[in-house]
Structure formats: structure tokens, C-alpha cells
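Worksheet: one structure, shown below.
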Amino acid sequence: MSGGTDARTPLPPLVDQHSHGALHTELGLGAFETHLAAAAGAGGTTAPSGTTYFDSWTGLAVRRWCPPLLGLEAYCPPVRYLARRRELGAYRAGRLLLRGAGIGTFLLEADTFLLDSGAPGERTSAAELAAAADGRGHEIVRLEPLAGQVADTSGGVDAFMGNTAEALYAAAQHATAFACGVTLADGAPPDPRQVRRVAGSWLNSRPTGARPTDPHLLRHLLWSAVATGLPVQLHCGDPRSLAGFLRATAGLGTDLVLLAREPHHRHGAQLAAAFPHVYADVGPRPEETLGRAPFGKLLFSTGARALPELYVTGARLFARAMSRLAAEWIADGVCSPAEARRIAGLVAAGTARRVYRLEADASTAAAGSTG
């Protein structure tokens, strides 16, 4: 599998450090557009009458890169593309798309914890995604649903606190990293007494399946995850609100990866430059961040959810952006072609392999590049 851009800046198979899996099910035009709308930033809403999300930036990318992988011409009509998708079936179409994306390793955020292995979920697991793509898959455990599932089986505060600690320890034995959504975290662990008070109130009032949202509980989960030593992904709006937490966790031996929302990617890169243990996600558009942090502090991701097409478009947009940037730097004398390849390789895969300790994947990639 190759994730190359052009002859000047070939890429290794990409490491997608953040995604959510692909749907197992067949999709009609309406369902496909709903997921396309979510990817385009429209919150999964239906397109207004007379319009289509295939006319969005994301829709154009799907029409450009995905039809050829299914045996059609680029930019074919959406109806024809979806008809071909149904003709092939969701499983075969998904395999063709994922194997054509140029991604060798997937780090997939698990929305639930300890799924019943006999009950397939709505979206692919890390193992299923990797098998479909003929690559490798690793699980990122999200802290909020983990705590929610623990709460469903814990009768009181003491049981909840103890069971959460045990669940985190168990998850750390198989997960590659943890993840948590957080908008504000200061420079100190929360007061245990306050955590217990908040936990008690939440346990008494929460409906089954509810996930914690209180800042004290989220900070407790974050600091507990940091104590495991696994990398922790921080989903955040403007990551500058986390500066105190980043400062307080320096020197503890745990790497933190900022997944900032647009338009805050640059702020994430700036914080990655400021703290040795902090890294930043660049998504599929590295041009926004490469001038803000050392190249070895930045990581590619698709952020794909539901549609296998989004893995293709994310990878292709990233590869083309890196190719354009490398060509500009080489033409301007900023770096040599060899340096451009090395930098592109860091952002595409090398840094993720180091941060997430993907040694086995690295050996496989090295063997593949020399074969």
C-alpha cells in the first residue's frame, strides 16, 4: 500500500491518528447526504430544497477521488456513484475505498468500552477497519463513555470511583491511547472531595447511558488517564484554555495530543511548540500549521466518521497539500528534496509511530518500503 504524492515527495503509508470508523450498512442518497453534511460541518442536517452537499468542498472531494476506486470516472453524477456503491455492496465498496486511501494504520476512537464481541456495532471496530483496509488498527478509548458504562453498573460513589480506576487500568492494557473532550482544565488535579460530591449528585440523577459532562469529573478522568502513561488525545475548541493543564503535566512522562476545532489548529500547533510533551493534530490540511511548530510535533488525521469515502478524501487532500508545500520549499531553496521527503514522512506517519509507540507497524512499513 502506498500513500505517495508524486515523484518528489513520496509518502509512507499514512498513520491516521484520529477517526471513528465506517458504517457497515448500505446507504441511500438521503442517508449518504446526511453523513456528508456532518463531514461538511452542517451537523448532519438535510440539504435545503434544490441544493446538495455533493456541492460542498467535501462533496467535490468525494466526487473527484472516490468514483475511480469503484470503477467509475471522476466527477460522475452522485446518483450513478451511489448506484455503483449499492451494486458492489457496502462491504466490497468499503474495502475498495479503504484500500485505495493510502492509509496503512488506523487509530480509531472507540465510542464504547468492552463491546460484546458477538454483537457487531453500527460502525467498524479498529480490527474490522484494519482488515477491510489491509492495514493495521489500534483502539483509542474515549473516557466519557467508559465512565458512563461504569456508572451503569456502580451502585454508589465508592463503587463508581473504584470501578472507574479498575476500568482505566484494564483499558490501558490493550488501548493505544485515551481521549477526552474538554474545554477547560486548569493546572491542578480536582479536589477528591469535590469529585465525590459531583459524582454522587450525577449518579443519583443521571439516566442510564448518560456520560459525564461536569468539569470536575472530566478533570478527574483526565488526570487518571495521564497517570497510566498512555498518550491522551484532547478534543478541544480553542486549546489555549488548556494551557494550565499542559503546563502542570509537563515532566510526568505522558504525551498529550491536541485535536483543536477549526479555526484553532494554529493555536494547537503553537502550544505543541511550547511544551515538549504536547503534540497537535493537523487534520488533512497541514498548510495551516506547519509554520507554527517543529515538524516532529504535528500529526495527520482524517477525522473520518461513518463514510469510508472520508478516509479517501482526507488522505488525498493531505498528500496533495504536502506535495504542494514541498514543491514550494524546494523551488524557493528552503530545503532539499530529501529534506522535504523526511519532513512529509514525519507528519504523515513517523511522529505518530513514535508518540503512540507503534513499533510493530514501523517494522512492517520499513520492510514494505525496501521490498
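Scheme for the C-alpha cells: letters A, B, ... for chains in order shown; per-chain residue numbers from 1; ligand numbers from 1 in order shown.
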
Selection near segment 137-139 of chain A, 10 Å with only C-alpha atoms, sequence-local residues under 4 positions removed, as a PyMOL selection string: chain A and resi 15-18+20+104-110+125-131+133+171+174-178+356+358+361

Write down as a PyMOL selection string the residues belonging to segment 113-266 of chain A that are assigned strand (DSSP E or B) by DSSP computed on the backbone. chain A and resi 123+136-142+177-181+232-236+256-260

Among segment 102-178 of chain A, which ones does DSSP place in helix (DSSP H, G or I), written as number ranges by chain? A: 126-133, 143-152, 157-172

Can you pull out every residue within 8 Å of Leu246 of chain A, counting only C-alpha atoms, but drop anything in the same chain fewer than 2 positions away, and send it as a PyMOL selection string? chain A and resi 187+242-244+248-250+256+275+278

Do a neighbour search on Leu298 of chain A at 9 Å with only C-alpha atoms, toss out local chain neighbours closer than 5 positions, and write the hits as a list in words.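 Contacts, in chain order: Ala269, Ala272, Tyr279, Ala280, Asp281, Val282, Pro286, Thr289, Leu290, Ala293, Leu346, Val347, Ala348, Thr351 and Ala352 of chain A.
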
By how many Å are atom CA of Arg99 of chain A and atom CA of Tyr81 of chain A apart?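 Atom CA of Arg99 of chain A sits 17.9 Å away from atom CA of Tyr81 of chain A.
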
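Excluding segment 38-53 of chain A and any residue on its chain fewer than 6 positions from it, the residues at most 12 Å away by only C-alpha atoms are Ser19, Leu29, Gly30, Ala31, Phe32, Gly59, Leu60, Ala61, Val62, Arg63, Pro77, Pro78, Val79, Arg261, Glu262, Thr302, Gly303, Ala304, Arg305, Ala306, Leu307, Pro308, Glu309, Leu310, Tyr311, Thr313 and Gly314 of chain A.
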
Which is closest to Pro13 of chain A among A:Gly229, A:Gly345, A:Pro337, A:Pro263, if we use only C-alpha atoms?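 Checking each of A:Gly229, A:Gly345, A:Pro337, A:Pro263 against Pro13 of chain A, counting only C-alpha atoms, the winner is A:Gly345.
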
Using only C-alpha atoms, can you tell me which of A:Pro276, A:Gly237, A:Gly200, A:Pro145 comes closest to Thr213 of chain A? A:Pro145

Polymer residues at most 7 Å from Pro284 of chain A, only C-alpha atoms, same-chain spacing of 5 or more positions, as a ChimeraX atom specification: /A:300-302,314-315,317-318

May I have the residues within 10 Å of Ala327 of chain A as a PyMOL selection string, using only C-alpha atoms and disregarding those fewer than 5 positions away in the same chain? chain A and resi 8-9+321-322+332-333+335-337+340

Just N, CA and C atoms for this one: save the residues we selected as a compact mmCIF listing (two decimals), in the first residue's frame.
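Saved the output as selection-v1.txt:
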```
# COMPACT_ATOMS: atom_id res chain seq x y z
N ARG A 8 8.59 13.53 -6.33
CA ARG A 8 9.48 14.32 -5.49
C ARG A 8 9.24 14.08 -4.01
N THR A 9 8.01 13.84 -3.62
CA THR A 9 7.70 13.71 -2.20
C THR A 9 6.87 12.46 -1.91
N ALA A 321 -1.62 18.40 -0.39
CA ALA A 321 -1.15 19.59 0.30
C ALA A 321 0.33 19.48 0.63
N MET A 322 0.76 18.32 1.11
CA MET A 322 2.18 18.13 1.41
C MET A 322 3.03 18.23 0.15
N ASP A 332 11.94 27.32 -3.71
CA ASP A 332 12.45 28.52 -3.04
C ASP A 332 13.80 28.30 -2.36
N GLY A 333 14.31 27.08 -2.43
CA GLY A 333 15.59 26.79 -1.80
C GLY A 333 15.53 26.66 -0.30
N CYS A 335 14.59 23.96 1.38
CA CYS A 335 15.10 22.65 1.76
C CYS A 335 15.37 21.83 0.50
N SER A 336 16.10 20.75 0.70
CA SER A 336 16.39 19.84 -0.41
C SER A 336 15.25 18.86 -0.61
N PRO A 337 15.19 18.18 -1.75
CA PRO A 337 14.16 17.15 -1.93
C PRO A 337 14.20 16.08 -0.85
N ALA A 340 12.60 17.48 2.21
CA ALA A 340 11.15 17.57 2.02
C ALA A 340 10.50 16.21 2.25
```
